[in-house]
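Pasting coords06.txt here (compact mmCIF, C-alpha atoms):
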# COMPACT_ATOMS: atom_id res chain seq x y z
CA MET A 1 -178.70 81.20 2.84
CA SER A 2 -181.58 78.87 3.78
CA ILE A 3 -185.09 80.29 3.82
CA ILE A 4 -186.08 77.83 6.56
CA SER A 5 -186.16 79.16 10.12
CA ASN A 6 -183.36 78.03 12.43
CA ASN A 7 -186.01 77.37 15.07
CA LEU A 8 -187.72 74.89 12.76
CA LYS A 9 -184.40 73.11 12.19
CA ARG A 10 -184.28 72.33 15.92
CA ILE A 11 -187.33 70.07 15.79
CA LYS A 12 -188.41 66.89 14.00
CA GLN A 13 -191.61 65.69 12.42
CA SER A 14 -193.91 63.94 14.88
CA PRO A 15 -192.79 60.27 14.85
CA THR A 16 -196.31 59.00 15.58
CA ILE A 17 -197.72 60.91 12.61
CA ALA A 18 -194.79 59.73 10.47
CA VAL A 19 -195.34 56.03 11.22
CA THR A 20 -199.08 56.38 10.66
CA GLN A 21 -198.44 58.04 7.30
CA LYS A 22 -195.92 55.34 6.33
CA ALA A 23 -198.45 52.63 7.21
CA LYS A 24 -201.12 54.35 5.09
CA GLU A 25 -198.72 54.58 2.11
CA LEU A 26 -197.82 50.89 2.34
CA LYS A 27 -201.48 49.95 2.65
CA ALA A 28 -202.35 52.09 -0.39
CA SER A 29 -199.67 50.25 -2.37
CA GLY A 30 -201.48 46.98 -1.72
CA LYS A 31 -199.58 45.64 1.28
CA ASP A 32 -201.38 44.07 4.25
CA ILE A 33 -200.65 46.55 7.06
CA ILE A 34 -202.07 46.80 10.56
CA GLY A 35 -201.47 50.24 12.06
CA LEU A 36 -200.93 50.33 15.82
CA GLY A 37 -199.27 53.73 15.79
CA ALA A 38 -202.10 56.26 16.08
CA GLY A 39 -203.68 57.28 19.37
CA GLU A 40 -207.18 57.38 17.95
CA PRO A 41 -210.16 55.43 19.34
CA ASN A 42 -211.84 53.23 16.73
CA PHE A 43 -215.26 54.07 18.22
CA ASP A 44 -217.47 56.55 16.37
CA THR A 45 -218.49 59.93 17.80
CA PRO A 46 -221.79 59.40 19.70
CA ASP A 47 -224.96 60.32 17.81
CA ASN A 48 -226.12 63.00 20.25
CA ILE A 49 -222.88 64.90 19.62
CA LYS A 50 -223.25 64.57 15.84
CA LYS A 51 -226.83 65.82 16.05
CA ALA A 52 -225.71 68.87 18.04
CA ALA A 53 -223.25 69.70 15.25
CA ILE A 54 -225.89 69.27 12.57
CA LYS A 55 -228.28 71.50 14.49
CA ALA A 56 -225.57 74.15 14.80
CA ILE A 57 -225.16 74.12 11.01
CA GLN A 58 -228.91 74.29 10.42
CA ASP A 59 -229.25 77.15 12.93
CA GLY A 60 -226.58 79.15 11.12
CA ASP A 61 -224.01 78.78 13.90
CA THR A 62 -221.27 79.00 11.27
CA LYS A 63 -219.64 82.37 12.01
CA TYR A 64 -216.56 83.50 13.91
CA THR A 65 -216.76 83.01 17.65
CA ALA A 66 -214.79 84.54 20.50
CA VAL A 67 -211.10 83.80 19.93
CA ASP A 68 -210.69 81.36 22.79
CA GLY A 69 -214.11 79.74 22.92
CA THR A 70 -217.83 80.43 23.00
CA PRO A 71 -219.42 81.37 26.36
CA SER A 72 -221.63 78.25 26.17
CA LEU A 73 -218.61 75.95 25.76
CA LYS A 74 -216.66 77.72 28.49
CA LYS A 75 -219.65 77.28 30.82
CA ALA A 76 -219.79 73.56 29.94
CA ILE A 77 -216.08 73.25 30.70
CA ILE A 78 -216.54 75.03 34.05
CA LYS A 79 -219.34 72.58 34.91
CA LYS A 80 -217.14 69.65 33.91
CA PHE A 81 -214.30 70.75 36.18
CA LYS A 82 -216.70 71.23 39.08
CA ARG A 83 -218.61 67.99 38.49
CA GLU A 84 -215.66 65.70 37.90
CA ASN A 85 -212.71 67.35 39.63
CA ASN A 86 -214.29 69.59 42.28
CA LEU A 87 -212.46 72.59 40.81
CA ASP A 88 -213.96 76.07 40.57
CA TYR A 89 -213.12 78.37 37.65
CA GLN A 90 -214.47 81.58 36.10
CA LEU A 91 -215.00 82.30 32.39
CA ASP A 92 -211.75 84.27 32.18
CA GLN A 93 -209.83 81.23 33.47
CA ILE A 94 -210.86 79.02 30.52
CA THR A 95 -209.32 78.75 27.05
CA VAL A 96 -210.48 76.64 24.11
CA GLY A 97 -208.14 75.70 21.27
CA THR A 98 -208.00 73.65 18.09
CA GLY A 99 -207.08 70.47 19.96
CA GLY A 100 -205.08 69.92 23.11
CA LYS A 101 -201.84 70.26 21.17
CA GLN A 102 -202.62 73.85 20.25
CA VAL A 103 -203.46 74.68 23.86
CA ILE A 104 -200.06 73.37 24.99
CA TYR A 105 -198.30 75.12 22.11
CA ASN A 106 -200.02 78.41 22.94
CA ALA A 107 -199.14 78.08 26.62
CA MET A 108 -195.44 77.54 25.90
CA MET A 109 -195.32 80.30 23.28
CA ALA A 110 -197.04 82.71 25.67
CA THR A 111 -194.80 82.05 28.68
CA LEU A 112 -191.32 80.89 27.69
CA ASN A 113 -188.29 83.10 27.22
CA ASN A 114 -185.00 81.94 25.72
CA GLY A 115 -183.26 79.66 28.19
CA ASP A 116 -186.31 78.92 30.35
CA GLU A 117 -186.36 75.26 31.32
CA VAL A 118 -189.28 72.84 31.15
CA VAL A 119 -188.99 69.55 33.04
CA ILE A 120 -190.43 66.74 30.93
CA PRO A 121 -190.63 63.22 32.39
CA ALA A 122 -189.64 60.50 29.91
CA PRO A 123 -191.19 58.53 28.34
CA TYR A 124 -193.07 61.58 27.09
CA TRP A 125 -195.61 62.45 24.43
CA VAL A 126 -193.50 63.16 21.38
CA SER A 127 -194.57 66.79 20.91
CA TYR A 128 -193.66 68.14 24.37
CA PRO A 129 -189.90 68.73 23.78
CA ASP A 130 -190.36 70.11 20.27
CA ILE A 131 -193.05 72.55 21.35
CA VAL A 132 -190.71 73.78 24.10
CA LEU A 133 -187.88 74.18 21.58
CA LEU A 134 -190.09 76.10 19.16
CA ALA A 135 -191.00 78.49 21.98
CA GLY A 136 -187.31 79.12 22.73
CA GLY A 137 -187.22 77.04 25.89
CA THR A 138 -184.94 74.20 26.96
CA PRO A 139 -186.45 70.74 27.57
CA ILE A 140 -185.00 69.05 30.65
CA ILE A 141 -185.67 65.34 30.25
CA LEU A 142 -186.26 63.47 33.51
CA GLU A 143 -185.95 59.76 32.76
CA CYS A 144 -188.47 57.52 34.52
CA ASN A 145 -187.44 53.92 33.99
CA GLU A 146 -189.41 50.71 33.82
CA LYS A 147 -188.55 49.71 37.41
CA GLN A 148 -190.35 52.81 38.73
CA GLY A 149 -193.36 52.16 36.51
CA PHE A 150 -192.33 54.98 34.13
CA LYS A 151 -193.30 57.50 36.84
CA ILE A 152 -191.45 60.36 38.54
CA LYS A 153 -189.57 59.84 41.77
CA PRO A 154 -190.09 63.01 43.86
CA THR A 155 -186.40 63.08 44.83
CA ASP A 156 -185.37 62.99 41.15
CA LEU A 157 -187.85 65.75 40.37
CA GLU A 158 -186.34 68.00 43.02
CA LYS A 159 -182.84 67.46 41.62
CA SER A 160 -184.02 68.46 38.13
CA ILE A 161 -185.41 71.85 39.22
CA THR A 162 -183.11 74.86 38.81
CA LYS A 163 -183.44 78.64 38.94
CA LYS A 164 -184.29 78.49 35.22
CA THR A 165 -187.19 76.03 35.61
CA LYS A 166 -190.48 77.60 34.54
CA TRP A 167 -192.71 74.56 33.93
CA ILE A 168 -193.03 70.86 34.64
CA ILE A 169 -195.33 68.79 32.45
CA LEU A 170 -197.36 66.00 34.06
CA ASN A 171 -199.30 63.53 31.93
CA SER A 172 -201.53 60.99 33.68
CA PRO A 173 -202.78 58.64 32.32
CA SER A 174 -199.68 58.71 30.19
CA ASN A 175 -198.99 58.62 26.52
CA PRO A 176 -196.98 56.45 25.69
CA THR A 177 -196.96 54.14 28.72
CA GLY A 178 -200.48 54.25 30.17
CA ALA A 179 -198.94 54.88 33.60
CA CYS A 180 -201.23 56.66 36.09
CA TYR A 181 -200.26 58.61 39.18
CA SER A 182 -202.19 57.70 42.33
CA GLU A 183 -203.53 60.32 44.71
CA LYS A 184 -200.59 59.65 47.06
CA GLU A 185 -198.03 60.01 44.26
CA ILE A 186 -199.52 63.30 43.07
CA ARG A 187 -199.55 64.65 46.61
CA GLU A 188 -195.86 63.77 46.99
CA ILE A 189 -195.02 65.56 43.74
CA GLY A 190 -197.09 68.51 44.95
CA LYS A 191 -195.08 68.75 48.16
CA ILE A 192 -191.87 69.07 46.15
CA LEU A 193 -193.35 71.74 43.89
CA GLU A 194 -194.70 73.75 46.83
CA LYS A 195 -191.05 74.43 47.72
CA HIS A 196 -190.45 76.01 44.29
CA PRO A 197 -192.94 78.91 43.92
CA ASN A 198 -191.65 80.00 40.50
CA VAL A 199 -192.38 76.66 38.83
CA PHE A 200 -195.70 76.25 36.99
CA ILE A 201 -197.36 72.91 36.27
CA LEU A 202 -198.98 71.86 33.02
CA SER A 203 -201.25 68.91 33.77
CA ASP A 204 -202.17 67.04 30.59
CA ASP A 205 -205.32 65.12 31.51
CA ILE A 206 -206.48 64.19 28.01
CA TYR A 207 -206.84 60.47 28.97
CA GLU A 208 -208.65 61.21 32.25
CA HIS A 209 -211.66 59.01 31.49
CA ILE A 210 -209.74 55.99 30.21
CA THR A 211 -208.70 54.17 33.38
CA TYR A 212 -209.12 50.58 34.52
CA GLU A 213 -210.06 48.41 37.49
CA ASN A 214 -211.52 51.22 39.57
CA PHE A 215 -208.39 53.37 39.39
CA LYS A 216 -209.30 56.73 40.94
CA PHE A 217 -208.15 59.67 38.83
CA PHE A 218 -206.92 62.88 40.46
CA THR A 219 -205.45 65.99 38.87
CA ILE A 220 -202.85 68.01 40.73
CA ALA A 221 -204.86 71.26 40.99
CA GLN A 222 -207.54 69.24 42.78
CA ILE A 223 -205.44 67.81 45.64
CA SER A 224 -202.65 70.31 46.28
CA ASN A 225 -202.11 73.94 47.22
CA LEU A 226 -200.85 74.65 43.71
CA LYS A 227 -204.04 75.53 41.81
CA ASP A 228 -202.83 79.11 41.18
CA ARG A 229 -199.79 77.68 39.35
CA VAL A 230 -201.50 74.89 37.42
CA LEU A 231 -202.72 74.91 33.84
CA THR A 232 -205.04 71.90 33.57
CA MET A 233 -205.42 70.77 29.96
CA ASN A 234 -208.06 68.39 28.64
CA GLY A 235 -210.20 67.87 25.54
CA VAL A 236 -212.89 65.84 23.83
CA SER A 237 -210.69 63.83 21.45
CA LYS A 238 -210.13 60.62 23.38
CA ALA A 239 -213.07 60.10 25.76
CA TYR A 240 -215.67 61.20 23.20
CA SER A 241 -213.96 59.81 20.05
CA MET A 242 -213.75 63.31 18.57
CA THR A 243 -210.14 63.41 17.34
CA GLY A 244 -211.05 65.05 14.04
CA TRP A 245 -213.28 67.68 15.61
CA ARG A 246 -210.17 69.36 17.09
CA ILE A 247 -211.31 70.76 20.42
CA GLY A 248 -209.02 71.03 23.43
CA TYR A 249 -209.35 73.25 26.46
CA ALA A 250 -207.58 74.34 29.61
CA ALA A 251 -208.22 76.10 32.90
CA GLY A 252 -205.69 78.10 34.84
CA PRO A 253 -204.38 81.47 36.03
CA LYS A 254 -206.06 84.45 34.38
CA ASP A 255 -202.82 86.02 33.15
CA ILE A 256 -201.78 82.82 31.35
CA ILE A 257 -205.25 82.37 29.85
CA LYS A 258 -205.21 85.97 28.61
CA ALA A 259 -201.75 85.51 27.08
CA ILE A 260 -202.87 82.31 25.35
CA ALA A 261 -205.79 84.20 23.81
CA LYS A 262 -203.37 86.82 22.49
CA ILE A 263 -201.26 84.13 20.79
CA GLN A 264 -204.34 82.45 19.34
CA SER A 265 -205.72 85.74 18.04
CA GLN A 266 -202.68 86.02 15.77
CA SER A 267 -202.58 82.39 14.65
CA THR A 268 -205.79 80.40 14.13
CA THR A 269 -208.33 82.69 15.82
CA ASN A 270 -211.30 80.65 17.09
CA PRO A 271 -211.78 76.89 16.84
CA SER A 272 -214.58 75.72 14.54
CA SER A 273 -217.94 77.04 15.70
CA ILE A 274 -219.57 73.73 14.75
CA SER A 275 -217.03 71.67 16.68
CA GLN A 276 -217.54 73.90 19.71
CA ALA A 277 -221.30 73.31 19.59
CA ALA A 278 -220.63 69.57 19.43
CA ALA A 279 -218.24 69.81 22.38
CA VAL A 280 -220.93 71.54 24.48
CA GLU A 281 -223.17 68.50 23.97
CA ALA A 282 -220.26 66.14 24.65
CA LEU A 283 -219.56 67.70 28.04
CA ASN A 284 -223.17 68.33 29.07
CA GLY A 285 -224.81 65.25 27.57
CA GLU A 286 -224.96 61.55 28.38
CA GLN A 287 -221.68 60.20 29.83
CA ASN A 288 -222.45 56.51 30.48
CA PHE A 289 -220.92 55.31 27.21
CA ILE A 290 -217.46 56.44 28.41
CA GLN A 291 -217.34 53.72 31.07
CA GLU A 292 -218.61 51.12 28.61
CA ARG A 293 -215.88 52.00 26.13
CA SER A 294 -213.23 51.96 28.86
CA LYS A 295 -214.28 48.39 29.68
CA SER A 296 -213.71 47.48 26.04
CA PHE A 297 -210.27 49.11 26.14
CA GLN A 298 -209.49 47.18 29.33
CA ASP A 299 -210.31 43.87 27.61
CA ARG A 300 -207.97 44.82 24.77
CA ARG A 301 -205.26 45.85 27.21
CA ASP A 302 -205.48 42.52 29.03
CA PHE A 303 -205.22 40.59 25.79
CA VAL A 304 -202.28 42.62 24.45
CA VAL A 305 -200.27 42.52 27.70
CA LYS A 306 -200.74 38.78 28.07
CA ALA A 307 -199.83 38.11 24.42
CA LEU A 308 -196.73 40.31 24.56
CA ASN A 309 -195.44 38.77 27.78
CA ALA A 310 -195.76 35.33 26.18
CA ILE A 311 -193.21 36.34 23.52
CA GLU A 312 -189.60 35.51 24.36
CA GLY A 313 -187.51 38.69 24.51
CA ILE A 314 -190.48 41.00 25.21
CA ASN A 315 -191.59 42.33 28.59
CA CYS A 316 -194.66 44.52 29.07
CA LEU A 317 -196.02 46.25 32.18
CA LYS A 318 -199.79 46.36 32.63
CA PRO A 319 -200.89 50.03 32.50
CA ASP A 320 -203.69 51.57 34.57
CA GLY A 321 -205.02 53.84 31.84
CA ALA A 322 -204.93 55.36 28.32
CA PHE A 323 -204.87 52.89 25.42
CA TYR A 324 -201.16 52.22 25.01
CA VAL A 325 -198.64 49.67 26.16
CA PHE A 326 -194.89 50.28 26.18
CA PRO A 327 -193.14 46.91 25.96
CA ARG A 328 -189.39 46.44 26.29
CA CYS A 329 -187.52 44.88 23.36
CA LYS A 330 -183.96 45.35 24.62
CA ASP A 331 -183.31 41.60 24.70
CA LEU A 332 -183.90 41.44 20.93
CA ILE A 333 -181.44 44.21 20.07
CA GLY A 334 -178.33 42.80 18.38
CA LYS A 335 -180.19 40.00 16.61
CA LYS A 336 -180.75 39.78 12.84
CA ASP A 337 -184.05 39.67 10.97
CA SER A 338 -184.99 37.20 8.23
CA ASN A 339 -183.19 39.36 5.64
CA GLY A 340 -179.95 39.30 7.64
CA LYS A 341 -180.28 42.92 8.77
CA GLU A 342 -178.98 43.54 12.28
CA ILE A 343 -181.41 45.09 14.77
CA LYS A 344 -179.14 47.73 16.31
CA ASN A 345 -181.78 49.72 18.20
CA ASP A 346 -185.53 50.09 18.71
CA THR A 347 -185.87 52.11 15.48
CA ASP A 348 -184.45 49.18 13.51
CA PHE A 349 -186.81 46.88 15.41
CA VAL A 350 -190.00 48.77 14.46
CA GLN A 351 -188.85 49.36 10.87
CA SER A 352 -188.11 45.67 10.36
CA LEU A 353 -191.42 44.71 11.97
CA LEU A 354 -193.25 47.00 9.53
CA GLU A 355 -191.31 45.97 6.42
CA ASN A 356 -191.29 42.22 7.09
CA ASN A 357 -194.54 41.59 8.93
CA GLY A 358 -196.74 44.61 8.19
CA ILE A 359 -197.21 45.87 11.76
CA ALA A 360 -196.79 49.60 12.41
CA VAL A 361 -195.72 50.58 15.93
CA VAL A 362 -193.57 53.47 17.23
CA GLN A 363 -190.05 53.15 18.62
CA GLY A 364 -189.51 53.98 22.28
CA SER A 365 -186.66 56.37 21.52
CA ALA A 366 -189.23 58.69 19.91
CA PHE A 367 -190.68 59.07 23.40
CA GLY A 368 -187.31 59.54 25.07
CA LEU A 369 -186.55 55.97 26.20
CA GLU A 370 -184.47 53.63 24.04
CA GLY A 371 -185.15 49.88 23.90
CA PHE A 372 -188.96 49.96 23.93
CA PHE A 373 -191.84 50.40 21.50
CA ARG A 374 -195.38 51.73 21.80
CA ILE A 375 -198.51 49.89 20.74
CA SER A 376 -201.84 51.66 20.55
CA TYR A 377 -204.64 49.18 21.21
CA ALA A 378 -207.34 51.70 20.25
CA THR A 379 -208.33 49.40 17.40
CA SER A 380 -210.51 46.33 17.03
CA MET A 381 -209.80 43.09 18.88
CA GLU A 382 -209.71 41.38 15.49
CA ASN A 383 -206.85 43.64 14.39
CA LEU A 384 -205.05 43.16 17.70
CA LYS A 385 -205.21 39.37 17.46
CA LYS A 386 -203.77 39.43 13.93
CA ALA A 387 -201.12 41.96 14.92
CA LEU A 388 -199.92 40.07 18.01
CA GLU A 389 -199.66 36.86 16.02
CA LYS A 390 -197.47 38.66 13.49
CA ILE A 391 -195.35 40.26 16.22
CA LEU A 392 -194.81 36.76 17.68
CA ILE A 393 -193.76 35.42 14.28
CA PHE A 394 -191.42 38.37 13.76
CA CYS A 395 -189.73 38.01 17.15
CA LYS A 396 -189.29 34.27 16.63
CA SER A 397 -187.63 34.97 13.27
CA LEU A 398 -184.88 37.06 14.86
CA LYS A 399 -181.60 35.13 15.19

Serialized structure, structure tokens:
Amino acid sequence: MSIISNNLKRIKQSPTIAVTQKAKELKASGKDIIGLGAGEPNFDTPDNIKKAAIKAIQDGDTKYTAVDGTPSLKKAIIKKFKRENNLDYQLDQITVGTGGKQVIYNAMMATLNNGDEVVIPAPYWVSYPDIVLLAGGTPIILECNEKQGFKIKPTDLEKSITKKTKWIILNSPSNPTGACYSEKEIREIGKILEKHPNVFILSDDIYEHITYENFKFFTIAQISNLKDRVLTMNGVSKAYSMTGWRIGYAAGPKDIIKAIAKIQSQSTTNPSSISQAAAVEALNGEQNFIQERSKSFQDRRDFVVKALNAIEGINCLKPDGAFYVFPRCKDLIGKKDSNGKEIKNDTDFVQSLLENNGIAVVQGSAFGLEGFFRISYATSMENLKKALEKILIFCKSLK
């Protein structure tokens, strides 16, 4: 009899973490590797945020806090939602977790019963389906193809909703595609969901501040009649370059927030007191650098999209946000690499690219759509130029 839980056997290791780890191992062995797998900005955490953390340490702010966040951080989050999204919340409608992933995990664990369905548009962030499975739910994958810009069609959404549907997950700007829903598109989705009062919406807004060319961000609780059924998740990882600080947060219905706190009280308890103090400064402090960094990401996006579309056999849409592109490599499937190995699918494609040319990317099938791969351009332009040159050489070598 195996000691490992059957629930754990239902899920896989995060593919993005796996490819990042593989790239680190190859680099440590002396190989020249450029990692384009991790969704982590190469910018440093701003100094004012670091200083707030140092001050918290010096002031002895190193003890347990309230399970789901300090009052000062919750107040900063409430101000953020009002300032940026015109949404009003109370303290008991806010939860703070050890990263956005924990907030989503807690929400699913707190609400799903065996057999409950969660509609997940694909391509999706790799952890959504596995978190649902761990919580006993059933992921219902709604494929959103390249022709529709990797975004939901309202008619397809309606067809995917059943009596068992408890949640739909929306992610805009999207990981892995960078696709962003316009105000009109969100309103159309909202109209469908208004007809299904038992369906809750998890809006993953972690890339809210990384949008391009004056794209106007809206979150569904802001422009629909669904606020009482929406859990709006965000965090400081991406916009503030605080991935390692591990602070995510959400706002939503009081009963869900209370249930999330109950789960967290029996798992990690509170997030780091020092990280919470830093997050207060992040949300309340200077914000101008966010726009400056987004402009840098936009320049990288433009370079990467242009370079990819110049490669025969590759096609890449230009995303409106996040720091990913999701190019199609279907036309290269069936060819052989320089070692004579046949490229049978996108997993073979990315493995051969890593082994032969030292570029680490993630296969599209890991995100629920075969025949694509994801590039994170949250690295230096120097790295991107080297990487795209090597991707060109690799694709040309396929026969």

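Closest approach to Gln351 in chain A among A:Lys22, A:Lys306, A:Lys238, A:Lys12: A:Lys22, based on all atoms listed in the file.
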
Completion exercise
CA of Phe218 in chain A sits from CA of Glu183 in chain A at a separation of 6.0 Å

Handout entry: Neighbour list for Gln13 in chain A as a PyMOL selection string, cut-off 12 Å, only C-alpha atoms, skip fewer than 2 positions in-chain
Key = chain A and resi 8-11+15-19+21+126-127+129-131+366

Exercise for the section: In Å, rounded to a single decimal, give me how far CA of Asn214 in chain A is from CA of Gly321 in chain A. Expected result: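 Straight-line distance from CA of Gly321 in chain A to CA of Asn214 in chain A works out to 10.4 Å.
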
Problem - Point-to-point distance from CA of Ala261 in chain A to CA of Gln58 in chain A, Å rounded to tenths - result: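 Between these atoms lies a distance of 28.5 Å.
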
Sort by chain and increasing residue number a table of all residues of range 93-207 of chain A within 7 Å of range 367-386 of chain A, each with its closest pair of atoms and their distance in Å to one decimal, counting only C-alpha atoms, and write it as a tab-separated table.
residue	atom	partner	partner_atom	distance
A:Ala122	CA	A:Gly368	CA	5.5
A:Pro123	CA	A:Phe367	CA	5.0
A:Tyr124	CA	A:Phe367	CA	5.1
A:Trp125	CA	A:Phe367	CA	6.1
A:Val126	CA	A:Phe367	CA	5.4
A:Pro176	CA	A:Arg374	CA	6.3

Practice task
Fewer than 6 positions away in the same chain doesn't count, so skip those; otherwise give me all residues within 12 Å of Lys184 in chain A, counting all atoms listed in the file, as a PyMOL selection string.
Solution key: chain A and resi 154+190-191+216-220+223-224

Per residue of range 152-213 of chain A within 12 Å of range 143-148 of chain A, record the nearest atom pair and its distance in Å to one decimal, counting only C-alpha atoms, with rows in chain order and ascending residue number, as a Markdown table.
| residue | atom | partner | partner_atom | distance |
| --- | --- | --- | --- | --- |
| A:Ile152 | CA | A:Cys144 | CA | 5.8 |
| A:Lys153 | CA | A:Cys144 | CA | 7.7 |
| A:Pro154 | CA | A:Cys144 | CA | 11.0 |
| A:Thr155 | CA | A:Cys144 | CA | 11.9 |
| A:Asp156 | CA | A:Glu143 | CA | 9.0 |
| A:Leu157 | CA | A:Glu143 | CA | 9.9 |
| A:Ser160 | CA | A:Glu143 | CA | 10.4 |
| A:Thr177 | CA | A:Glu146 | CA | 9.7 |
| A:Ala179 | CA | A:Gln148 | CA | 10.2 |
| A:Cys180 | CA | A:Gln148 | CA | 11.8 |
| A:Tyr181 | CA | A:Gln148 | CA | 11.5 |
| A:Glu185 | CA | A:Gln148 | CA | 11.9 |

Export of prior selection with C-alpha atoms as a CSV table (one decimal), keeping the file's coordinate frame:
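again-v1.csv was written with the following content:
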chain,number,residue,atom,x,y,z
A,152,ILE,CA,-191.4,60.4,38.5
A,153,LYS,CA,-189.6,59.8,41.8
A,154,PRO,CA,-190.1,63.0,43.9
A,155,THR,CA,-186.4,63.1,44.8
A,156,ASP,CA,-185.4,63.0,41.2
A,157,LEU,CA,-187.8,65.8,40.4
A,160,SER,CA,-184.0,68.5,38.1
A,177,THR,CA,-197.0,54.1,28.7
A,179,ALA,CA,-198.9,54.9,33.6
A,180,CYS,CA,-201.2,56.7,36.1
A,181,TYR,CA,-200.3,58.6,39.2
A,185,GLU,CA,-198.0,60.0,44.3

Problem - Best match for closeness to Ala23 in chain A among A:Asn6, A:Asp204, A:Ala221, A:Leu36, counting only C-alpha atoms - result: A:Leu36

Exercise for the section: Write out as an MDAnalysis selection string each polymer residue whose atoms come within 6 Å of range 345-348 of chain A, counting only C-alpha atoms; drop sequence neighbours fewer than 4 positions from it. Expected result: chainID A and resid 333 352 363 371
